[in-house]
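All remarks here apply to the structure that follows.
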Amino acid sequence: MKLLCTILTIISFSFTALAADPTLKKLVILGDSLTEGYGVAQSAAFPALLQKKVDADKLNWKIISSGSSGSTSASGLQRIKWIAKDKPDIVLVLLGSNDGLRGLKVEDTKKNLNDTIEWAKKNNITVALGQLHVPPNYGKDYEKKFSAVYGKVATKNKIQLGPFLLDKVAGNKDLNLADGIHPNEKGHQVVADNLYPFIKKLISE
Amino acid sequence: MQSFSKLLHFVRKDLLSQKKLNAFFVFNLVLGFLGFLLLQVFQASLDQQTKDKAQEILGGDVVISARRVITDDEVKSIEEKVNLEFIKKAKSSDFFAMVKFGEQSRLVLIRSVGDNYPVYGDLEIKTTDGKKDVLKNITPGAVYVDPELIDQLKITDQSSTQLRVGDIDLSLKGVLTSDPSRTFRLGALAPFILISEKDLSATNLVKPGSTVTTSYLYQLNDPMAADAIKADLEKNYLDPSLRFNSALQEDDGGNRVFRYLIDYLGLVSLISIGLCFLCLSYMLNWFFQIQKKTIAIYKILGLDESSILKVQVLKNLFLSIGSFVMALAIVILALAPVQALLDNYFKIPINLIVSPKQILVSFFVVVLGPQLIAIPTYLAAMTMNPLMLLRQELSQAHLSRRTQIIWAVGVGLLFWGLAVWQSHSLQTGSIFMVGLIGATLTAWLFISVLRRATALVVDKFNFDLKYAFLSLIRKPGSTDLIFMTMTLSVVVLTLLPHIKKSIIEEVRPAHSSKIPSVFMFDIQMDQKDELVKIVKDKTGQDIELTPLVRSRILKINEQNYERVEEQGFFKTRESENEARFRNRGVNLTYKAKLQESEDLVEGQWFTGQNGEVSEISLEEKYAERVGAKLGDVMTFDVQGLEIKGKVTSLRRVRWTSFQPNFFITFQPGVLEEAPQVYLSAVMQINQDQVRELQNAVVDRFANISIINVQQSVEKSLVFIDQMALALQVMATLALVVGFFIFIILINTQVGERINEMNLLQVLGSTQDQLYRIMITQFSLIAFLSLLVGLGLGSLISYAIVSAMFKLGIYFDYVSMLSLIVVLVSITFGVLKVSMQPLRSLQPLTLLKNEGGLVDSK
């Protein structure tokens with residue numbers, strides 16, 4: 001229990017440290033292995049690359065990566081509550097890839113994303129959603145239904161929908177690790193390039 | 001210098017004049033050879049069977065694969081570059097997809113296969129009309145599915161079922177009942193279906209962006225070259241997306257079991273060689289001692305030393321070859337009944353084979369090898385004068401130091417070479433060799449010190465005891481020889497049971513209640529309580545939930561742990577693999593106690609006292625891989641929060657325990673608040689309960705993956721049980737060989753003492769008194785050999801299990817107890833039987849100086 005208190009103190013210290021600069025704002029990317037930067041160094045993963053771009057543009061924002069490999073949209077609600085302790089200004093939800101890869105029902109993915117976003121909104125956190133797709137081998141029907149979820153959730157919650165994270169990366173062997181799913185260092189650079197205009201717009205608003 | 005025909009004449013004369021002695025020698029040799037040959041046949045057959053199984057599981061001798069499409073041109077260029085010579089090859093493509101039947105839609109793992117699939121093993125099916133069959137060829141338009149998909153898609157009539165796969169409909173032709181490539185694969189995310197490669201493009205599922213694994217499976221002209229070809233492929237191809245595998249160099253659970261088995265079999269081979277060398281060297285030595293008188297007579301009659309040596313060598317060779325042929329004939333005749341016994345009683349799927357190569361190798365090892373060991377004994381005949389030879393006491397040749405060193409180095413190198421060759425491992429062969437040399441020296445030191453110490457106190461004993469001890473002290477050569485041979489036999493006999501038990505404890509769950517039927521993962525925190533209720537309701541079980549927290553290791557002792565690209569790329573395949581390993585993140589868990597599948601090997605388990613840095617425990621091999629040791633501080637990024645942990649203990653984990661195991665464990669009170677998911681397993685429920693549970697869980701929590709592992713676990717356990725039985729049979733067989741050696745030792749030693757006993761009988765000793773003297777002598781030697789042998793054997797077992805198998809040691813006390821009981825019984829029984837001739841011996845025999853093994857004239 002004493003240790004738990006220590007940890008909670010560390011958390012509150014880290015919040016305090018961030019809060020030391022009252023003008024510094026925080027954008028948390030809530031995602032899975034793509035956000036975690038599976039297989040590449042943290043400094044080479046797209047959240048860190050986005051931070052470099054933000055710094056280069058002298059925007060006073062901190063990009064925080066909260067990726068967890070293997071996580072599905074079902075973890076969204078629990079994790080956004082954890083993230084909320086850090087009082088983020090914006091949360092970009094990039095969940096659902098693993099739902100698709102595991103062939104879960106799209107209705108469930110939709111419900112989980114809605115629950116996560118609604119909770120964030122209720123707690124005055126600005127939320128955005130990133131578009132995701134499943135690979136073509138899951139079949140046209142499933143691919144179509146799955147992709148449609150993101151637009152529907154964004155419309156229903158009146159939030160911004162980002163571009164497809166792996167645009168120009170998925171299926172390109174030069175931009176992926178040997179597992180064929182996760183981007184390599186070059187792939188993460190392309191992801192960051194894809195996403196940055198959207199992020200810039202999001203934080204500028 | 002005698003002509004060869006003259007030498008043969010002497011040999012023939014020797015053989016005919018000492019029929020009884022020669023028959024006794026041959027009988028003992030046949031016993032020794034029988035044990036060796038049986039062990040060799042069993043070992044070689046099981047070794048072949050294990051390799052066949054590994055080929056079936058991998059699907060080929062060598063497999064080239066990638067998580068992408070590999071074109072035929074690409075694979076052809078690879079084949080040409082490494083000059084890959086193969087008998088046949090097959091292609092397969094694996095990918096997940098949704099399959100539809102009516103309104104039902106399910107995720108499946110599709111495997112499309114071309115001609116020649118499977119390269120090894122049989123795919124067993126049950127056709128739609130219920131017949132069992134072996135799938136030889138998958139025709140276009142057909143689909144074969146896992147049984148659980150029939151339930152999941154609610155298919156009631158299989159005969160006219162069409163499944164929608166991508167853009168085409170395929171006809172259900174049967175259900176897959178056995179697929180060797182999936183042994184030890186503990187279930188997948190989805191059921192498996194098999195289609196023809198010719199239908200693949202029409203499904204329209206594999207196109208740019210698809211996640212597909214392409215594999216080319218090869219049956220090589222020379223399967224033994226698989227590992228070398230794999231190494232060659234890895235050297236030639238830096239493309240990290242290409243993977244190369246060979247049947248025995250996989251790293252999953254199944255291959256771990258195979259490697260244990262093959263390493264064990266290598267050891268069995270070593271042990272059989274060790275036993276054989278011990279036994280035969282002893283026999284040759286003993287045989288020479290018995291024949292000293294004959295050699296002395298030859299010398300007195302003026303036969304030159306070289307001819308005497310040739311006669312002795314030739315005679316021993318004739319007898320050894322004759323014994324080998326007899327033992328081989330018995331083995332060949334016994335093969336069919338033993339095979340029937342294995343098939344019908346033990347249910348071990350193994351085809352016993354005796355190959356010409358095996359016979360040739362055995363011949364060289366058991367017939368010629370011991371002759372090399374006997375060289376000093378032979379040379380003794382050259383250096384000793386006839387008077388020394390006529391003495392009854394065992395004596396050794398006084399060879400020059402140079403000759404002794406050359407001989408010792410030669411024998412050492414021969415045995416070491418054999419050990420490395422038989423175990424297929426420099427490390428194993430060397431450990432075994434060093435262990436045996438260490439054991440020999442320890443045994444020799446022990447008996448030398450004991451002999452000298454006994455000499456100081458022997459006068460205080462009564463006549464029987466005093467005589468027994470003095471017999472041992474006065475014949476140091478003989479005492480040392482029998483003690484060391486017995487001790488070394490016990491040492492090698494001790495190894496197999498201990499190592500067998502350690503392997504079985506590693507691969508086989510101790511309690512059947514711990515064998516899972518289903519695994520569940522991605523359980524969210526808020527789903528825990530309700531899931532526990534559902535499982536309780538459907539199965540009556542209270543499940544345990546294991547937390548899993550994702551994190552990344554940032555630093556070890558303030559040194560950066562992650563690897564970044566140098567100059568925009570990784571220079572070698574190895575450096576890239578290392579970087580991917582370090583950068584892929586780790587799963588953490590937390591708990592207060594060690595679980596059954598874990599043992600603490602270093603440090604201290606969590607004290608419960610919370611310091612500033614939390615305590616963590618690492619799995620020992622993982623700690624070695626990441627370069628962490630006790631006391632090191634590791635920094636983790638737990639989803640945005642940095643947490644430090646000090647390594648306070650290292651654990652050994654039984655990965656084949658079917659339990660959720662982790663590399664890194666935190667003490668409780670640190671990670672409870674972090675985002676986490678849970679894993680769980682439900683043990684030992686029937687198929688109906690599995691189905692009911694799956695439906696209930698999926699209906700309530702669609703995200704929870706519930707994998708039915710019952711069938712694959714059962715199949716893996718059947719293999720493990722067969723393997724355990726095979727190990728047991730091998731260990732028992734080795735024990736039987738050891739018992740033969742004990743019988744031989746006591747038999748020959750009593751034979752050697754029979755004249756002495758006869759003298760005591762003439763001087764008035766009773767049969768009971770003589771028996772007591774002999775019992776005292778041999779009980780003492782047997783007891784001390786057992787004591788020293790069991791101790792040394794257990795120590796060497798510990799070294800082999802730790803260094804070679806990298807496992808925790810489990811001592812097989814039951815086998816050790818059986819060993820003691822049987823060896824003691826053998827000592828008493830053989831003494832009783834081999835002293836029988838004493839009853840019929842007459843003083844006249846003694847006066848003629850002829851023992852029980854000498855033919856009466």
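Ordering of the structure tokens sets the chain letters (A, B, ...), residue numbers begin anew at 1 in every chain, and ligands are numbered from 1 in the order given.
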
Chain A contacts on chain B, only C-alpha atoms, 8 Å, as number ranges by chain: B: 66-68, 95-98, 106-107, 166, 189, 204-212, 240-242, 522, 524-526, 550-551, 562-564, 579-585, 610-612, 614, 639-641, 643, 669-670, 674-675, 677, 702-703

Selection: 12 Å around Ser802 of chain B, only C-alpha atoms, excl. self and same-chain fewer than 6 positions, as a list in words: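 Neighbouring residues, sequence-local ones excluded: Thr428, Ile431, His498, Ile499, Ser502, Ile503, Val601, Glu620, Lys621, Arg652, Leu795, Ile796, Gly808, Ile809 and Tyr810 of chain B.
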
Nearest to Gly162 of chain A by atom-to-atom distance, counting only C-alpha atoms, from A:His188, A:Lys62, A:Lys200, A:Lys144: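 Closest to Gly162 of chain A, using only C-alpha atoms: A:Lys200.
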
All residues 12 Å or closer to Val697 of chain B, only C-alpha atoms, same chain fewer than 2 positions away omitted, as a ChimeraX atom specification: /B:518-521,523,527-528,530-538,689-695,699-707

Pull C-alpha atoms from the residues just selected and write them as a PDB file, in the first residue's frame.
```pdb
ATOM      1  CA  VAL B 518      -9.928 -23.265 -22.809  1.00  0.00           C
ATOM      2  CA  PHE B 519      -7.821 -20.140 -22.627  1.00  0.00           C
ATOM      3  CA  MET B 520      -9.421 -16.717 -22.351  1.00  0.00           C
ATOM      4  CA  PHE B 521      -7.699 -13.431 -22.996  1.00  0.00           C
ATOM      5  CA  ILE B 523     -10.545  -9.720 -20.327  1.00  0.00           C
ATOM      6  CA  GLN B 527     -15.567  -7.611 -17.111  1.00  0.00           C
ATOM      7  CA  LYS B 528     -13.744  -9.596 -14.432  1.00  0.00           C
ATOM      8  CA  GLU B 530     -19.169 -11.035 -14.333  1.00  0.00           C
ATOM      9  CA  LEU B 531     -16.886 -13.410 -16.232  1.00  0.00           C
ATOM     10  CA  VAL B 532     -16.011 -15.231 -13.018  1.00  0.00           C
ATOM     11  CA  LYS B 533     -19.754 -15.674 -12.388  1.00  0.00           C
ATOM     12  CA  ILE B 534     -20.404 -16.956 -15.914  1.00  0.00           C
ATOM     13  CA  VAL B 535     -17.606 -19.531 -15.647  1.00  0.00           C
ATOM     14  CA  LYS B 536     -18.791 -20.626 -12.193  1.00  0.00           C
ATOM     15  CA  ASP B 537     -22.307 -20.958 -13.497  1.00  0.00           C
ATOM     16  CA  LYS B 538     -21.372 -22.958 -16.601  1.00  0.00           C
ATOM     17  CA  GLN B 689     -19.276 -27.416 -21.463  1.00  0.00           C
ATOM     18  CA  VAL B 690     -16.659 -25.781 -23.701  1.00  0.00           C
ATOM     19  CA  ARG B 691     -19.312 -25.014 -26.321  1.00  0.00           C
ATOM     20  CA  GLU B 692     -21.757 -23.705 -23.727  1.00  0.00           C
ATOM     21  CA  LEU B 693     -19.085 -21.542 -22.108  1.00  0.00           C
ATOM     22  CA  GLN B 694     -17.911 -20.172 -25.467  1.00  0.00           C
ATOM     23  CA  ASN B 695     -21.443 -19.158 -26.388  1.00  0.00           C
ATOM     24  CA  ASP B 699     -22.724 -13.397 -26.123  1.00  0.00           C
ATOM     25  CA  ARG B 700     -21.865 -11.270 -23.107  1.00  0.00           C
ATOM     26  CA  PHE B 701     -18.322 -10.069 -23.892  1.00  0.00           C
ATOM     27  CA  ALA B 702     -17.577 -10.230 -27.592  1.00  0.00           C
ATOM     28  CA  ASN B 703     -14.038  -8.925 -27.126  1.00  0.00           C
ATOM     29  CA  ILE B 704     -12.954 -11.835 -24.927  1.00  0.00           C
ATOM     30  CA  SER B 705     -11.226 -14.428 -27.052  1.00  0.00           C
ATOM     31  CA  ILE B 706     -11.969 -17.874 -25.807  1.00  0.00           C
ATOM     32  CA  ILE B 707      -9.790 -20.528 -27.391  1.00  0.00           C
TER      33      ILE B 707
END
```

Those of segment 464-566 of chain B in DSSP alpha helix (DSSP H), formatted as a VMD selection string: chain B and resid 464 to 474 476 to 507 528 to 539
